[in-house]
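Have a look at protein.txt below; it lists compact mmCIF, C-alpha atoms.
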```
# COMPACT_ATOMS: atom_id res chain seq x y z
CA MET V 10 19.94 -33.00 28.32
CA ALA V 11 21.27 -32.19 31.77
CA ASN V 12 18.79 -30.75 34.23
CA PRO V 13 20.24 -28.28 36.77
CA ALA V 14 17.58 -28.89 39.39
CA VAL V 15 19.02 -26.80 42.18
CA THR V 16 21.81 -24.35 42.90
CA ASN V 17 24.63 -26.67 43.86
CA PRO V 18 27.28 -25.51 46.37
CA ALA V 19 28.97 -28.88 45.98
CA VAL V 20 30.65 -27.64 42.79
CA THR V 21 33.42 -25.99 44.83
CA ASN V 22 33.25 -28.14 47.96
CA PRO V 23 34.23 -31.84 47.67
CA ALA V 24 32.87 -32.63 51.13
CA VAL V 25 29.48 -31.25 50.17
CA THR V 26 29.67 -33.21 46.91
CA THR V 27 30.21 -36.46 48.79
CA GLN V 28 27.42 -35.74 51.25
CA SER V 29 25.03 -34.76 48.46
CA THR V 30 25.82 -37.94 46.55
CA VAL V 31 25.25 -40.08 49.64
CA GLN V 32 21.92 -38.39 50.33
CA LEU V 33 20.85 -38.74 46.70
CA ARG V 34 21.57 -42.46 46.79
CA ARG V 35 19.74 -42.84 50.07
CA ALA V 36 16.80 -40.84 48.78
CA VAL V 37 16.54 -42.88 45.59
CA ALA V 38 16.90 -46.18 47.47
CA SER V 39 14.34 -45.09 50.05
CA SER V 40 11.89 -43.95 47.37
CA PHE V 41 12.29 -47.16 45.40
CA ILE V 42 12.02 -49.57 48.33
CA GLY V 43 9.25 -47.57 49.93
CA SER V 44 7.36 -47.56 46.65
CA VAL V 45 7.83 -51.33 46.30
CA ILE V 46 6.33 -51.87 49.75
CA GLU V 47 3.47 -49.40 49.23
CA TYR V 48 2.53 -50.88 45.87
CA TYR V 49 2.94 -54.43 47.15
CA ASP V 50 0.14 -53.62 49.57
CA PHE V 51 -1.92 -51.59 47.10
CA LEU V 52 -1.60 -53.92 44.10
CA LEU V 53 -1.89 -57.08 46.15
CA TYR V 54 -5.47 -55.96 46.54
CA ALA V 55 -5.79 -55.71 42.75
CA THR V 56 -4.80 -59.33 42.22
CA ALA V 57 -6.92 -60.52 45.13
CA ALA V 58 -9.89 -58.54 43.79
CA ALA V 59 -9.59 -60.36 40.47
CA VAL V 60 -9.25 -63.91 41.82
CA VAL V 61 -10.47 -64.07 45.43
CA PHE V 62 -12.61 -61.25 46.81
CA GLY V 63 -15.64 -61.92 44.61
CA LYS V 64 -15.96 -65.35 46.26
CA VAL V 65 -14.99 -64.33 49.78
CA PHE V 66 -16.71 -60.97 50.30
CA PHE V 67 -19.49 -61.02 47.66
CA ALA V 68 -20.58 -64.65 47.90
CA ALA V 69 -24.29 -63.75 47.71
CA LEU V 70 -23.92 -62.45 44.12
CA ASP V 71 -23.65 -64.35 40.85
CA PRO V 72 -20.03 -64.77 39.66
CA LEU V 73 -20.03 -62.01 37.02
CA THR V 74 -21.74 -59.47 39.27
CA ALA V 75 -19.41 -60.44 42.11
CA THR V 76 -16.42 -59.71 39.87
CA VAL V 77 -17.81 -56.27 39.03
CA ALA V 78 -18.47 -55.60 42.73
CA SER V 79 -14.97 -56.75 43.62
CA PHE V 80 -13.46 -54.43 41.03
CA GLY V 81 -15.66 -51.69 42.50
CA THR V 82 -13.94 -52.02 45.88
CA PHE V 83 -10.63 -51.99 43.99
CA ALA V 84 -11.66 -48.71 42.33
CA ALA V 85 -12.52 -47.19 45.71
CA GLY V 86 -8.81 -47.11 46.51
CA TYR V 87 -8.10 -45.11 43.38
CA LEU V 88 -10.94 -42.70 44.12
CA ALA V 89 -9.35 -42.01 47.51
CA ARG V 90 -5.88 -41.36 46.09
CA PRO V 91 -6.49 -37.68 45.13
CA LEU V 92 -7.73 -37.08 48.68
CA GLY V 93 -4.47 -38.53 49.98
CA GLY V 94 -2.53 -36.34 47.58
CA ILE V 95 -4.28 -33.20 48.85
CA LEU V 96 -4.09 -34.15 52.54
CA PHE V 97 -0.47 -35.27 52.69
CA GLY V 98 0.55 -32.79 50.00
CA HIS V 99 -0.69 -29.94 52.20
CA PHE V 100 1.43 -30.99 55.17
CA GLY V 101 4.31 -32.11 52.96
CA ASP V 102 4.51 -28.60 51.51
CA ARG V 103 4.09 -27.03 54.94
CA ILE V 104 6.33 -29.10 57.24
CA GLY V 105 8.39 -31.33 54.97
CA ARG V 106 8.43 -34.36 52.69
CA LYS V 107 10.08 -36.88 55.03
CA LYS V 108 7.51 -36.75 57.86
CA MET V 109 4.65 -37.40 55.49
CA LEU V 110 6.41 -40.39 53.93
CA VAL V 111 6.77 -42.04 57.33
CA THR V 112 3.08 -41.41 58.04
CA THR V 113 1.80 -42.73 54.70
CA MET V 114 3.87 -45.91 54.94
CA THR V 115 2.55 -46.62 58.44
CA LEU V 116 -1.05 -46.07 57.35
CA MET V 117 -0.66 -48.38 54.36
CA GLY V 118 0.99 -51.18 56.33
CA VAL V 119 -1.63 -51.18 59.08
CA ALA V 120 -4.58 -51.04 56.64
CA SER V 121 -3.20 -53.95 54.60
CA PHE V 122 -2.59 -56.03 57.70
CA LEU V 123 -6.18 -55.46 58.83
CA ILE V 124 -7.51 -56.58 55.42
CA GLY V 125 -5.78 -59.89 56.04
CA ALA V 126 -7.57 -60.19 59.39
CA LEU V 127 -11.11 -59.36 58.11
CA PRO V 128 -14.00 -61.79 58.66
CA THR V 129 -15.71 -63.01 55.46
CA TYR V 130 -19.23 -62.40 54.17
CA GLY V 131 -20.23 -65.82 55.49
CA GLN V 132 -19.14 -64.82 58.98
CA ILE V 133 -20.48 -61.27 59.44
CA GLY V 134 -22.59 -60.65 56.34
CA ILE V 135 -22.74 -57.17 54.78
CA TRP V 136 -20.27 -55.76 57.31
CA ALA V 137 -17.47 -57.71 55.64
CA PRO V 138 -17.56 -55.80 52.32
CA VAL V 139 -18.20 -52.53 54.22
CA ALA V 140 -15.03 -53.03 56.26
CA LEU V 141 -13.16 -54.08 53.14
CA VAL V 142 -14.12 -50.88 51.31
CA THR V 143 -13.17 -48.76 54.35
CA LEU V 144 -9.70 -50.27 54.53
CA ARG V 145 -9.31 -49.99 50.78
CA VAL V 146 -10.08 -46.27 51.02
CA LEU V 147 -7.38 -45.91 53.68
CA GLN V 148 -4.98 -47.70 51.35
CA GLY V 149 -5.87 -45.21 48.64
CA VAL V 150 -5.32 -42.23 50.93
CA ALA V 151 -1.92 -43.63 51.94
CA VAL V 152 -0.64 -44.31 48.43
CA GLY V 153 -2.05 -40.98 47.26
CA GLY V 154 0.21 -39.20 49.72
CA GLU V 155 3.16 -41.55 49.30
CA TRP V 156 3.91 -41.08 45.60
CA GLY V 157 4.41 -37.32 45.59
CA GLY V 158 6.71 -37.31 48.58
CA ALA V 159 8.77 -40.24 47.30
CA VAL V 160 9.26 -38.62 43.90
CA LEU V 161 10.22 -35.29 45.44
CA MET V 162 12.74 -36.93 47.75
CA SER V 163 14.60 -38.17 44.67
CA ALA V 164 13.98 -35.26 42.28
CA GLU V 165 14.78 -32.52 44.79
CA HIS V 166 18.01 -34.23 45.85
CA ALA V 167 19.12 -34.59 42.22
CA THR V 168 21.27 -32.00 40.48
CA SER V 169 21.12 -33.71 37.07
CA ARG V 170 19.37 -36.62 35.30
CA ARG V 171 16.18 -35.82 37.17
CA GLY V 172 14.05 -38.06 34.99
CA LEU V 173 16.23 -41.08 35.77
CA TRP V 174 16.35 -40.59 39.53
CA ALA V 175 12.67 -39.72 39.89
CA SER V 176 11.69 -42.78 37.86
CA PHE V 177 12.78 -45.20 40.58
CA THR V 178 9.61 -44.35 42.49
CA ASN V 179 7.51 -45.37 39.48
CA ALA V 180 9.70 -48.45 38.98
CA GLY V 181 8.65 -49.54 42.45
CA ALA V 182 5.08 -50.10 41.22
CA PRO V 183 5.79 -53.11 38.95
CA CYS V 184 8.25 -54.45 41.54
CA GLY V 185 5.47 -54.27 44.09
CA MET V 186 3.21 -56.04 41.60
CA VAL V 187 5.80 -58.81 41.15
CA LEU V 188 6.26 -59.22 44.88
CA SER V 189 2.53 -59.33 45.58
CA THR V 190 1.85 -61.73 42.70
CA VAL V 191 4.70 -64.07 43.70
CA VAL V 192 3.63 -64.17 47.34
CA LEU V 193 0.00 -64.73 46.39
CA THR V 194 0.95 -67.43 43.87
CA VAL V 195 3.25 -69.28 46.26
CA THR V 196 0.60 -69.15 48.96
CA ALA V 197 -2.04 -70.49 46.57
CA ALA V 198 0.23 -73.32 45.41
CA ALA V 199 1.21 -74.28 48.96
CA SER V 200 -2.29 -74.22 50.41
CA GLY V 201 -4.43 -75.59 47.57
CA GLU V 202 -7.59 -74.11 46.09
CA ARG V 203 -9.94 -74.78 49.00
CA ALA V 204 -7.53 -73.73 51.74
CA PHE V 205 -6.47 -70.69 49.71
CA LEU V 206 -10.04 -69.38 49.58
CA ALA V 207 -10.55 -70.25 53.24
CA TRP V 208 -7.43 -68.66 54.71
CA GLY V 209 -4.43 -68.74 52.37
CA TRP V 210 -5.21 -65.42 50.68
CA ARG V 211 -4.77 -63.70 54.05
CA VAL V 212 -1.07 -64.54 54.40
CA PRO V 213 0.26 -61.96 51.88
CA PHE V 214 -1.75 -59.21 53.59
CA LEU V 215 -0.57 -60.19 57.07
CA LEU V 216 3.04 -60.06 55.88
CA SER V 217 2.57 -56.32 55.31
CA ILE V 218 3.38 -55.62 58.94
CA LEU V 219 6.89 -57.06 58.44
CA LEU V 220 7.47 -55.01 55.31
CA LEU V 221 6.34 -51.92 57.20
CA GLY V 222 9.15 -52.37 59.71
CA ILE V 223 11.74 -52.73 56.93
CA GLY V 224 10.45 -49.69 55.05
CA LEU V 225 10.43 -47.42 58.10
CA PHE V 226 14.00 -48.43 59.02
CA ILE V 227 15.23 -47.36 55.56
CA ARG V 228 13.12 -44.25 55.26
CA LEU V 229 14.16 -42.74 58.58
CA LYS V 230 17.79 -42.53 57.39
CA VAL V 231 17.06 -39.99 54.63
CA GLU V 232 17.37 -36.25 55.23
CA GLU V 233 14.86 -33.63 54.13
CA THR V 234 15.37 -32.43 50.54
CA PRO V 235 17.74 -29.45 50.06
CA VAL V 236 15.23 -27.68 47.83
CA PHE V 237 12.54 -27.72 50.53
CA ALA V 238 15.05 -26.87 53.28
CA ALA V 239 16.25 -23.83 51.31
CA ALA V 240 12.75 -22.61 50.41
CA GLU V 241 11.91 -19.28 52.00
CA ARG V 242 8.29 -20.11 52.64
CA SER V 243 5.48 -22.47 51.72
CA ALA V 244 2.00 -21.57 50.61
CA ARG V 245 -0.48 -21.16 53.46
CA VAL V 246 -2.89 -23.42 51.60
CA PRO V 247 -0.89 -25.26 48.89
CA LEU V 248 -4.03 -26.47 47.13
CA PHE V 249 -5.18 -22.89 46.57
CA ASP V 250 -1.73 -21.99 45.27
CA VAL V 251 -1.92 -24.82 42.72
CA LEU V 252 -5.43 -23.87 41.60
CA ARG V 253 -4.59 -20.17 41.37
CA ASN V 254 -1.10 -20.27 39.84
CA HIS V 255 -0.92 -23.61 38.04
CA PRO V 256 -4.45 -24.60 36.89
CA ARG V 257 -3.42 -25.24 33.29
CA ASN V 258 -0.42 -27.33 34.32
CA LEU V 259 -2.60 -29.35 36.67
CA LEU V 260 -5.18 -30.13 33.98
CA LEU V 261 -2.52 -31.01 31.42
CA ALA V 262 -0.74 -33.28 33.91
CA VAL V 263 -3.99 -35.16 34.45
CA GLY V 264 -4.62 -35.45 30.72
CA VAL V 265 -1.09 -36.63 29.99
CA GLY V 266 -1.23 -39.39 32.60
CA LEU V 267 -4.73 -40.78 32.03
CA ALA V 268 -3.88 -43.10 29.12
CA ALA V 269 -0.91 -44.57 30.99
CA PHE V 270 -3.14 -45.48 33.90
CA VAL V 271 -6.02 -46.79 31.81
CA ALA V 272 -3.50 -49.07 30.09
CA GLN V 273 -2.05 -50.07 33.45
CA GLY V 274 -5.45 -50.98 34.89
CA THR V 275 -6.31 -52.96 31.78
CA LEU V 276 -3.07 -54.93 31.63
CA THR V 277 -2.50 -55.60 35.32
CA THR V 278 -6.05 -56.02 36.66
CA PHE V 279 -8.75 -56.42 34.03
CA LEU V 280 -6.81 -58.93 31.93
CA ILE V 281 -6.36 -61.24 34.91
CA ALA V 282 -10.11 -61.79 35.22
CA TYR V 283 -10.64 -61.66 31.44
CA GLY V 284 -7.89 -64.18 30.74
CA VAL V 285 -9.29 -66.66 33.26
CA GLU V 286 -12.78 -66.16 31.84
CA VAL V 287 -11.70 -66.99 28.27
CA GLY V 288 -9.98 -70.22 29.34
CA TYR V 289 -6.47 -69.61 30.67
CA SER V 290 -5.59 -70.94 34.09
CA ARG V 291 -5.18 -68.39 36.84
CA GLN V 292 -1.57 -69.45 37.33
CA THR V 293 -0.78 -68.96 33.63
CA VAL V 294 -2.12 -65.40 33.65
CA LEU V 295 -0.35 -64.53 36.89
CA SER V 296 2.94 -65.97 35.61
CA GLY V 297 2.69 -63.85 32.46
CA LEU V 298 1.91 -60.81 34.56
CA THR V 299 4.89 -61.49 36.80
CA LEU V 300 7.26 -61.70 33.82
CA SER V 301 5.92 -58.52 32.24
CA SER V 302 6.13 -56.67 35.57
CA VAL V 303 9.79 -57.62 36.01
CA LEU V 304 10.63 -56.40 32.52
CA ALA V 305 8.58 -53.22 33.05
CA VAL V 306 11.11 -52.02 35.62
CA ALA V 307 13.78 -51.75 32.92
CA GLY V 308 11.30 -50.06 30.59
CA ILE V 309 10.31 -47.41 33.14
CA ILE V 310 13.88 -46.54 34.07
CA GLY V 311 15.12 -46.71 30.47
CA TYR V 312 12.42 -44.46 28.99
CA SER V 313 12.83 -41.99 31.87
CA ALA V 314 16.58 -41.78 31.28
CA LEU V 315 15.86 -41.29 27.57
CA SER V 316 13.52 -38.41 28.44
CA ASP V 317 16.49 -36.66 30.11
CA ARG V 318 18.24 -36.67 26.73
CA LEU V 319 15.36 -36.18 24.29
CA GLY V 320 12.86 -34.38 26.51
CA ARG V 321 9.68 -35.66 28.16
CA ARG V 322 7.37 -34.85 25.23
CA PRO V 323 8.85 -37.08 22.47
CA VAL V 324 8.93 -40.15 24.74
CA LEU V 325 5.37 -39.61 25.98
CA LEU V 326 4.05 -39.03 22.44
CA ALA V 327 5.67 -42.19 21.11
CA GLY V 328 4.21 -44.25 23.95
CA ALA V 329 0.68 -42.88 23.52
CA VAL V 330 0.61 -43.48 19.75
CA ALA V 331 1.98 -47.02 20.17
CA MET V 332 -0.56 -47.88 22.87
CA ALA V 333 -3.45 -46.58 20.75
CA ALA V 334 -2.45 -48.97 17.96
CA PHE V 335 -1.74 -51.84 20.35
CA SER V 336 -5.17 -51.59 21.97
CA PHE V 337 -6.75 -53.07 18.83
CA LEU V 338 -4.39 -56.07 18.89
CA LEU V 339 -4.73 -56.69 22.61
CA PHE V 340 -7.91 -58.74 22.78
CA PRO V 341 -7.52 -60.71 19.53
CA LEU V 342 -4.14 -61.89 20.82
CA VAL V 343 -5.57 -62.88 24.22
CA ASP V 344 -8.64 -64.50 22.61
CA SER V 345 -6.35 -66.75 20.53
CA GLY V 346 -6.09 -69.15 23.45
CA ASN V 347 -2.35 -69.43 22.85
CA VAL V 348 -0.32 -69.12 26.05
CA VAL V 349 2.74 -67.79 24.21
CA LEU V 350 0.68 -65.04 22.58
CA LEU V 351 -0.84 -64.18 25.95
CA VAL V 352 2.61 -63.71 27.47
CA VAL V 353 3.84 -61.73 24.45
CA THR V 354 0.78 -59.49 24.76
CA LEU V 355 1.44 -58.78 28.43
CA VAL V 356 5.14 -58.12 27.83
CA LEU V 357 4.55 -55.81 24.87
CA GLY V 358 1.82 -53.89 26.66
CA GLN V 359 3.18 -53.60 30.17
CA ALA V 360 6.96 -53.74 29.65
CA VAL V 361 7.55 -52.16 26.22
CA ILE V 362 4.78 -49.68 25.43
CA GLN V 363 3.13 -48.51 28.65
CA PRO V 364 6.42 -47.54 30.40
CA ALA V 365 7.05 -44.88 27.73
CA MET V 366 3.90 -43.12 28.96
CA TYR V 367 4.35 -43.94 32.63
CA GLY V 368 8.08 -43.57 33.38
CA PRO V 369 8.55 -39.85 32.55
CA LEU V 370 5.43 -38.87 34.52
CA ALA V 371 7.38 -38.69 37.79
CA ALA V 372 9.74 -35.99 36.58
CA LEU V 373 7.08 -34.26 34.48
CA CYS V 374 4.65 -33.76 37.37
CA THR V 375 7.48 -32.55 39.60
CA GLU V 376 8.63 -29.97 37.05
CA LEU V 377 5.22 -28.34 36.63
CA PHE V 378 4.91 -26.79 40.10
CA SER V 379 6.86 -24.46 42.40
CA THR V 380 8.44 -25.59 45.68
CA ARG V 381 5.80 -23.85 47.80
CA SER V 382 3.08 -26.21 46.50
CA ARG V 383 4.96 -28.92 44.56
CA TYR V 384 4.01 -31.85 46.80
CA THR V 385 0.32 -30.96 46.46
CA GLY V 386 0.41 -30.15 42.74
CA ALA V 387 2.46 -33.15 41.65
CA SER V 388 0.44 -35.51 43.84
CA LEU V 389 -2.92 -34.18 42.71
CA GLY V 390 -2.05 -34.26 39.00
CA TYR V 391 -0.68 -37.78 39.22
CA GLN V 392 -3.44 -39.19 41.44
CA LEU V 393 -6.29 -37.68 39.42
CA SER V 394 -4.86 -39.28 36.30
CA GLY V 395 -4.42 -42.46 38.36
CA LEU V 396 -8.22 -42.74 38.55
CA GLY V 397 -7.93 -44.26 35.08
CA ALA V 398 -6.30 -47.40 36.51
CA GLY V 399 -9.01 -47.82 39.14
CA LEU V 400 -12.05 -47.08 37.00
CA ALA V 401 -11.00 -48.81 33.77
CA PRO V 402 -11.40 -52.40 35.09
CA VAL V 403 -14.84 -51.57 36.52
CA LEU V 404 -15.95 -49.89 33.29
CA PHE V 405 -14.64 -52.67 31.07
CA ALA V 406 -16.11 -55.44 33.22
CA SER V 407 -19.46 -53.62 33.15
CA ILE V 408 -19.30 -53.28 29.35
CA LEU V 409 -18.80 -57.02 28.92
CA ALA V 410 -21.45 -57.81 31.57
CA GLY V 411 -23.89 -55.65 29.60
CA GLY V 412 -23.25 -57.51 26.37
CA GLY V 413 -20.67 -55.10 24.93
CA SER V 414 -17.64 -56.13 22.91
CA THR V 415 -13.89 -55.94 23.41
CA MET V 416 -13.76 -53.64 20.37
CA THR V 417 -15.58 -51.03 22.45
CA ILE V 418 -12.91 -51.38 25.12
CA SER V 419 -10.14 -50.92 22.54
CA LEU V 420 -11.82 -47.77 21.24
CA ILE V 421 -11.98 -46.36 24.77
CA ILE V 422 -8.29 -47.08 25.38
CA SER V 423 -7.29 -45.45 22.10
CA GLY V 424 -9.50 -42.45 22.93
CA PHE V 425 -7.56 -41.86 26.15
CA CYS V 426 -4.32 -42.17 24.19
CA LEU V 427 -5.56 -39.45 21.84
CA LEU V 428 -6.27 -37.24 24.87
CA THR V 429 -2.69 -37.78 26.05
CA VAL V 430 -1.33 -36.81 22.64
CA VAL V 431 -3.35 -33.57 22.65
CA CYS V 432 -2.24 -32.66 26.18
CA VAL V 433 1.43 -33.38 25.46
CA VAL V 434 1.25 -31.18 22.35
CA LEU V 435 -0.23 -28.35 24.43
CA LEU V 436 2.34 -28.76 27.19
CA ALA V 437 5.72 -27.05 26.87
CA GLU V 438 8.84 -29.16 27.41
CA THR V 439 9.60 -29.33 31.14
CA SER V 440 12.95 -31.14 31.35
CA GLY V 441 14.84 -27.81 31.53
CA ASN V 442 12.68 -26.32 34.30
CA SER V 443 14.35 -25.48 37.60
CA LEU V 444 13.05 -26.94 40.87
CA THR V 445 14.10 -23.92 42.94
CA GLU V 446 11.64 -21.75 44.83
CA THR V 447 11.36 -19.41 41.86
CA ALA V 448 9.87 -22.06 39.57
CA PRO V 449 7.46 -20.14 37.32
CA ALA V 450 3.71 -20.31 37.13
CA ASP V 451 1.92 -21.54 34.01
CA ALA V 452 2.39 -18.61 31.66
CA ALA V 453 6.01 -17.94 32.57
CA ALA V 454 6.83 -21.64 32.53
CA THR V 455 5.66 -21.93 28.94
CA ALA V 456 7.84 -19.06 27.79
CA THR V 457 10.89 -20.17 29.78
CA ALA V 458 10.71 -23.77 28.60
CA ALA V 459 10.24 -22.66 25.00
CA ARG V 460 13.46 -20.62 25.16
CA THR V 461 15.42 -23.57 26.61
CA ARG V 462 14.52 -25.94 23.75
```
Give the structure from this file in structure tokens form.
Amino acid sequence: MANPAVTNPAVTNPAVTTQSTVQLRRAVASSFIGSVIEYYDFLLYATAAAVVFGKVFFAALDPLTATVASFGTFAAGYLARPLGGILFGHFGDRIGRKKMLVTTMTLMGVASFLIGALPTYGQIGIWAPVALVTLRVLQGVAVGGEWGGAVLMSAEHATSRRGLWASFTNAGAPCGMVLSTVVLTVTAAASGERAFLAWGWRVPFLLSILLLGIGLFIRLKVEETPVFAAAERSARVPLFDVLRNHPRNLLLAVGVGLAAFVAQGTLTTFLIAYGVEVGYSRQTVLSGLTLSSVLAVAGIIGYSALSDRLGRRPVLLAGAVAMAAFSFLLFPLVDSGNVVLLVVTLVLGQAVIQPAMYGPLAALCTELFSTRSRYTGASLGYQLSGLGAGLAPVLFASILAGGGSTMTISLIISGFCLLTVVCVVLLAETSGNSLTETAPADAAATATAARTR
């Protein structure tokens, strides 16, 4: 279904139509490339946490405990993401989306570069993991503020097919995963195991400073969104506006997104360490992850475009039900020891099933809040649900370290999928909601959306 996101003067003015189209393309390209760079930095840490950091920064611990500790620093970034959503959302709603996107990209690039320059545990002792956690928190704050602004730049420039255009920000995540995995893999192959642990792992992080320059060059060419520019006023404290006028929408947004992120954390982080532990080579697991990440881009964009036609709810429901069933096949397939089955598992999980839950989230979170507090509301809902991706690997590694079984992990994943199903059922369809300043609060939104379906 078409989504009239904003009042469009371009209908009667060809010059305005051309300019709007150019800005939409720039906004989508900027959001996508910016997201690729941000998630390259953020997810590079995820891969390094699974294969390197336990040995480099937690060398005093036994291997299993070091892995748990390494995943703990990984989770710290996710815990900081809601803070970034609130902080940058506040100023993004007050002074504009574009300025915050430039700031978040700069913060991410600098933090990632500094991770690559950190001394190891063997060089400075406990201060090494302390510094690592600090920089990881800064990464989390940066990506927490980045996502909401990037999505709004696309969604608020769009006059139709909002799900499709907004999804390019989410599609940047697997692209960033591919880029980070490829760079890390090439570096490992070129340097060798010993040199890789000694210095090779630093190279991908140091390259972040170059990507920062590219990202800023592209981002500075995009204009502020027409929806924000036309808004009469912003909330004095956007967070209070969200909590007062949209509390139900905020909670449902979190519930809808949790399963997608738990699945993401399981498939892109936990399975790397688990696969190596059960006998696959690190390169085999990373190659499978790279393939599934490439294919996930098409899945995210495709399911998001489908949600423009069918609505967000049917696509999200189908993805959650499929992931609940798949969670019980996941570990038996990986435990088979068969490389082909491992790759099939990663592709099915990350590229076919999980994108149905993840792709439409960009448009959904945008459509739940009014212009005066949309950056804050969309960011907070998305980033709180994103905690699932950061905490799931830590929880699952701890379960196995404590003698638990993979069946317990599958039950937890399916439980989160059930939560998503319940929240989607409770949430009215949002694809027909307007993004203008008069976007309704929770009660009115439910009634309006119900009439449009």
Which polymer residues have any atom within 10 Å of an atom of Gly395 of chain V, counting only C-alpha atoms, with same-chain residues fewer than 6 positions away left out, as an mmCIF file with C-alpha atoms, keeping the file's coordinate frame?
```cif
data_model
loop_
_atom_site.group_PDB
_atom_site.id
_atom_site.type_symbol
_atom_site.label_atom_id
_atom_site.label_comp_id
_atom_site.auth_asym_id
_atom_site.auth_seq_id
_atom_site.Cartn_x
_atom_site.Cartn_y
_atom_site.Cartn_z
ATOM 1 C CA TYR V 87 -8.100 -45.110 43.380
ATOM 2 C CA LEU V 88 -10.940 -42.700 44.120
ATOM 3 C CA ARG V 90 -5.880 -41.360 46.090
ATOM 4 C CA PRO V 91 -6.490 -37.680 45.130
ATOM 5 C CA GLY V 153 -2.050 -40.980 47.260
ATOM 6 C CA VAL V 263 -3.990 -35.160 34.450
ATOM 7 C CA GLY V 266 -1.230 -39.390 32.600
ATOM 8 C CA LEU V 267 -4.730 -40.780 32.030
ATOM 9 C CA ALA V 268 -3.880 -43.100 29.120
ATOM 10 C CA ALA V 269 -0.910 -44.570 30.990
ATOM 11 C CA PHE V 270 -3.140 -45.480 33.900
ATOM 12 C CA VAL V 271 -6.020 -46.790 31.810
ATOM 13 C CA GLN V 273 -2.050 -50.070 33.450
ATOM 14 C CA GLY V 274 -5.450 -50.980 34.890
ATOM 15 C CA LEU V 389 -2.920 -34.180 42.710
#
```
| query | Pick from V:Val231, V:Tyr54, V:Thr190, V:Val146: nearest to Ser29 of chain V, with only C-alpha atoms counted? | reply |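 Using only C-alpha atoms, the shortest distance to Ser29 of chain V belongs to V:Val231.
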| field | Protein and nucleic acid residues near (-6.1, -42.9, 49.6) (cut-off 9 Å, only C-alpha atoms) as a PyMOL selection string | value | chain V and resi 85-94+145-154
| Between V:Phe177, V:Phe62, V:Phe214, V:Phe405, which has the minimum distance to Gly368 of chain V (counting only C-alpha atoms)? | V:Phe177
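Atom CA of Gln292 of chain V is positioned 15.7 Å from atom CA of Leu276 of chain V.
Going from atom CA of Ile133 of chain V to atom CA of Glu47 of chain V covers 28.6 Å.
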| said: Restricting the calculation to all atoms listed in the file: of V:Val246, V:Val348, V:Ala159, V:Met109, which residue gets closest to Tyr289 of chain V? | reply: V:Val348
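The nearest approach to Lys230 of chain V among the residues V:Val111, V:Leu261, V:Leu427, V:Leu116, with only C-alpha atoms taken into account, belongs to V:Val111.
What separates atom CA of Ile422 of chain V from atom CA of Gln392 of chain V is a distance of 18.5 Å.
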| Between V:Ile421, V:Val37, V:Val60, V:Val212, which is the closest to Ser290 of chain V once you count all atoms listed in the file? |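 Result for the nearest residue to Ser290 of chain V: V:Val60.
Once Phe337 of chain V and its same-chain neighbours fewer than 5 positions away are set aside, Ala331, Met332, Leu342, Val343, Thr354, Gly358, Thr415, Met416, Thr417, Ile418, Ser419, Leu420, Ile421, Ile422, Ser423 and Gly424 of chain V remain within 12 Å of it when counting all atoms listed in the file.
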| field | Residue among V:Asp344, V:Asp317, V:Ala305, V:Ala272 lying closest to Val287 of chain V, counting all atoms listed in the file | value |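 Closest to Val287 of chain V, using all atoms listed in the file: V:Asp344.
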